[in-house]
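Student: Below is the structure I would like to discuss, written out as structure tokens.
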Amino acid sequence: MRIDLHTHSSVSDGTDTPTQLVRKAAEAGLDVLGLTDHDTFDGLREARLAAEAVGVVVLPGIEMSCQLEGASVHLLGYGCNPHFEELLDELARVRVGRSGRLPEMLTKLAELGMPLTETEIAEQVGASPSLGRPHVADAMVAKGYVKDRQEAFDRFLYEGGPAYANRYSCQLRRGVELIRRAGGVPVIAHPWGRGRDRELTPAMLSELAMEYRLEGIEVDHPDHDADTRVRLRALAERLGLLTLGSSDHHGLGKVNNPLACETTDPAVYTELVRRIRARGGQL
Ligand code: AMP
Ligand code: ZN
Ligand code: FE
Ligand code: FE
């Protein structure tokens, strides 16, 4: 069984529609695909419909924008009830913050000699309810300011970069609680990718596991090198956390994250499903 549990569609900042993504999953030989768009459940219905036709199982998920002392942390939730109001309210607040920071980013880009209009951004966002920096990057590419998303992030859009603007995100402890109360299983995405080990210390992960009932962490992720994976796996074992492996595929938006480049152990997937079922979440 081949299982990839962290992917994005064009409903957030991936480049494949949910239908295209599910078809690609079948072509890549995946049996299970987790769709985890940023801060929205909107792609799940389409993904599920497409999945039936190609014999892939879709595990419903979300990647929630959280923060810990101001630093960005991504929290995956699997099997959440997509009608649980407190979670929906929080996600709506995050999405408002996503759009709300755009004027500040556009001002900074204009000052850097890269003017863009809100209409040019909207063309990249399309029907996505979840505006992200990758859409801004795509608009920069379309204008010829940079050659690809990666260059836009490396030079201008990275956290704290010259065209970066902060935005509202959910407190991490509250995010973990909300996902659990929605019947879901909370898992921290790429916990030690891109320098996040500074905030997400072993002590903090321990507190989240013991006091907030965090249940898993991503270990096999393209942003983790071999040594990081060894250390994370040891920590997970000590804390009794599930360890997941996923591509974080974004279609053409991230060339280093092809679908199924990292996978999750079938026994871990079975345990996720068991827990979601036991607490009445959505499969
Ligand atoms: P946002 O949702 O606006 O905070 O943008 C976050 C998304 O941008 C992430 O989920 C990635 O898809 C992408 N991203 C963030 N940092 C980088 C980076 N340094 N290089 C490439 N992509 C990045
Ligand atoms: Zn993304
Ligand atoms: Fe992420
Ligand atoms: Fe992601």
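We label chains A, B, ... in the order they appear in the structure tokens, count residues from 1 in each chain, and number ligands from 1 in the order shown.
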Would you list the contacts of A:Phe84 as a PyMOL selection string, taking every protein, DNA or RNA residue within 10 Å and counting only C-alpha atoms, but skipping same-chain residues closer than 5 positions in sequence?
Tutor: chain A and resi 89+178-179+181-183
Student: From stretch 13-168 of chain A, collect each residue whose DSSP state is alpha helix (DSSP H) and return the set as JSON, numbers by chain.
Tutor: {"A": [18, 19, 20, 21, 22, 23, 24, 25, 26, 27, 44, 45, 46, 47, 48, 49, 50, 51, 52, 53, 54, 85, 86, 87, 88, 89, 90, 91, 92, 93, 94, 95, 96, 97, 98, 99, 100, 102, 103, 104, 105, 106, 107, 108, 109, 110, 111, 118, 119, 120, 121, 122, 123, 124, 125, 133, 134, 135, 136, 137, 138, 139, 140, 141, 142, 149, 150, 151, 152]}
Student: Write to file, as an mmCIF file, in the first residue's frame, the residues of the selection just made, with C-alpha atoms.
Tutor:
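Result written to selection.cif:
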data_model
loop_
_atom_site.group_PDB
_atom_site.id
_atom_site.type_symbol
_atom_site.label_atom_id
_atom_site.label_comp_id
_atom_site.auth_asym_id
_atom_site.auth_seq_id
_atom_site.Cartn_x
_atom_site.Cartn_y
_atom_site.Cartn_z
ATOM 1 C CA PRO A 18 -8.581 18.279 -6.868
ATOM 2 C CA THR A 19 -9.672 16.052 -9.777
ATOM 3 C CA GLN A 20 -6.303 16.338 -11.529
ATOM 4 C CA LEU A 21 -4.495 15.666 -8.271
ATOM 5 C CA VAL A 22 -6.467 12.487 -7.596
ATOM 6 C CA ARG A 23 -5.851 11.232 -11.136
ATOM 7 C CA LYS A 24 -2.144 11.905 -10.760
ATOM 8 C CA ALA A 25 -2.191 10.015 -7.478
ATOM 9 C CA ALA A 26 -3.598 6.961 -9.268
ATOM 10 C CA GLU A 27 -0.943 7.289 -11.993
ATOM 11 C CA LEU A 44 -12.510 17.620 -0.407
ATOM 12 C CA ARG A 45 -15.867 17.020 -2.075
ATOM 13 C CA GLU A 46 -14.447 17.191 -5.594
ATOM 14 C CA ALA A 47 -11.460 15.038 -4.598
ATOM 15 C CA ARG A 48 -13.718 12.381 -3.146
ATOM 16 C CA LEU A 49 -15.897 12.251 -6.258
ATOM 17 C CA ALA A 50 -12.853 11.935 -8.515
ATOM 18 C CA ALA A 51 -11.330 9.303 -6.248
ATOM 19 C CA GLU A 52 -14.237 6.908 -6.626
ATOM 20 C CA ALA A 53 -13.695 6.782 -10.384
ATOM 21 C CA VAL A 54 -9.985 5.885 -10.172
ATOM 22 C CA GLU A 85 -18.324 25.529 13.734
ATOM 23 C CA GLU A 86 -15.565 26.678 16.044
ATOM 24 C CA LEU A 87 -12.972 25.287 13.664
ATOM 25 C CA LEU A 88 -14.722 26.800 10.640
ATOM 26 C CA ASP A 89 -14.822 30.197 12.378
ATOM 27 C CA GLU A 90 -11.114 30.009 13.113
ATOM 28 C CA LEU A 91 -10.292 29.003 9.529
ATOM 29 C CA ALA A 92 -12.392 31.890 8.231
ATOM 30 C CA ARG A 93 -10.425 34.277 10.462
ATOM 31 C CA VAL A 94 -7.158 32.911 9.066
ATOM 32 C CA ARG A 95 -8.366 33.317 5.480
ATOM 33 C CA VAL A 96 -9.415 36.927 6.134
ATOM 34 C CA GLY A 97 -5.872 37.507 7.426
ATOM 35 C CA ARG A 98 -4.450 35.937 4.261
ATOM 36 C CA SER A 99 -6.254 38.444 2.024
ATOM 37 C CA GLY A 100 -5.833 41.299 4.490
ATOM 38 C CA LEU A 102 -1.977 41.630 0.521
ATOM 39 C CA PRO A 103 -1.933 45.479 0.345
ATOM 40 C CA GLU A 104 1.141 45.577 2.611
ATOM 41 C CA MET A 105 2.933 43.038 0.424
ATOM 42 C CA LEU A 106 2.005 44.935 -2.747
ATOM 43 C CA THR A 107 3.305 48.193 -1.229
ATOM 44 C CA LYS A 108 6.605 46.508 -0.381
ATOM 45 C CA LEU A 109 6.891 44.958 -3.832
ATOM 46 C CA ALA A 110 6.183 48.326 -5.486
ATOM 47 C CA GLU A 111 8.923 49.912 -3.362
ATOM 48 C CA GLU A 118 -4.731 43.265 -6.897
ATOM 49 C CA THR A 119 -6.295 42.163 -10.206
ATOM 50 C CA GLU A 120 -3.028 40.547 -11.282
ATOM 51 C CA ILE A 121 -2.928 38.645 -7.990
ATOM 52 C CA ALA A 122 -6.591 37.657 -8.342
ATOM 53 C CA GLU A 123 -5.820 36.073 -11.718
ATOM 54 C CA GLN A 124 -3.393 33.709 -9.974
ATOM 55 C CA VAL A 125 -5.674 33.019 -7.003
ATOM 56 C CA ARG A 133 2.331 33.879 -0.944
ATOM 57 C CA PRO A 134 2.719 31.309 -3.769
ATOM 58 C CA HIS A 135 -0.032 33.180 -5.660
ATOM 59 C CA VAL A 136 1.921 36.415 -5.229
ATOM 60 C CA ALA A 137 5.010 34.541 -6.443
ATOM 61 C CA ASP A 138 3.085 33.355 -9.524
ATOM 62 C CA ALA A 139 2.073 36.950 -10.314
ATOM 63 C CA MET A 140 5.747 37.971 -10.030
ATOM 64 C CA VAL A 141 6.670 35.192 -12.465
ATOM 65 C CA ALA A 142 3.910 36.262 -14.883
ATOM 66 C CA ARG A 149 8.174 30.524 -7.275
ATOM 67 C CA GLN A 150 11.372 29.436 -5.616
ATOM 68 C CA GLU A 151 13.272 32.553 -6.655
ATOM 69 C CA ALA A 152 10.371 34.733 -5.456
#
Student: Using DSSP assignments from the backbone, pull out every residue in stretch 5-118 of chain A that falls under strand (DSSP E) and give it to me as a VMD selection string.
Tutor: chain A and resid 5 to 7 32 to 35 57 to 68 71 to 78
Student: Please give me, as an MDAnalysis selection string, the residues lying within 10 Å of ligand 3 when counting only C-alpha atoms and all ligand atoms.
Tutor: chainID A and resid 6:8 36:38 63:65 72:76 188:191 193 223 248
Student: A:Ala71, A:Ile3, A:Met204, A:Pro115: which is nearest A:Leu30, counting only C-alpha atoms?
Tutor: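 Result for the nearest residue to A:Leu30: A:Ile3.
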Student: Between atom CA of A:Val11 and atom CA of A:Gly43, measure the distance and give it in Å to one decimal.
Tutor: 5.7 Å
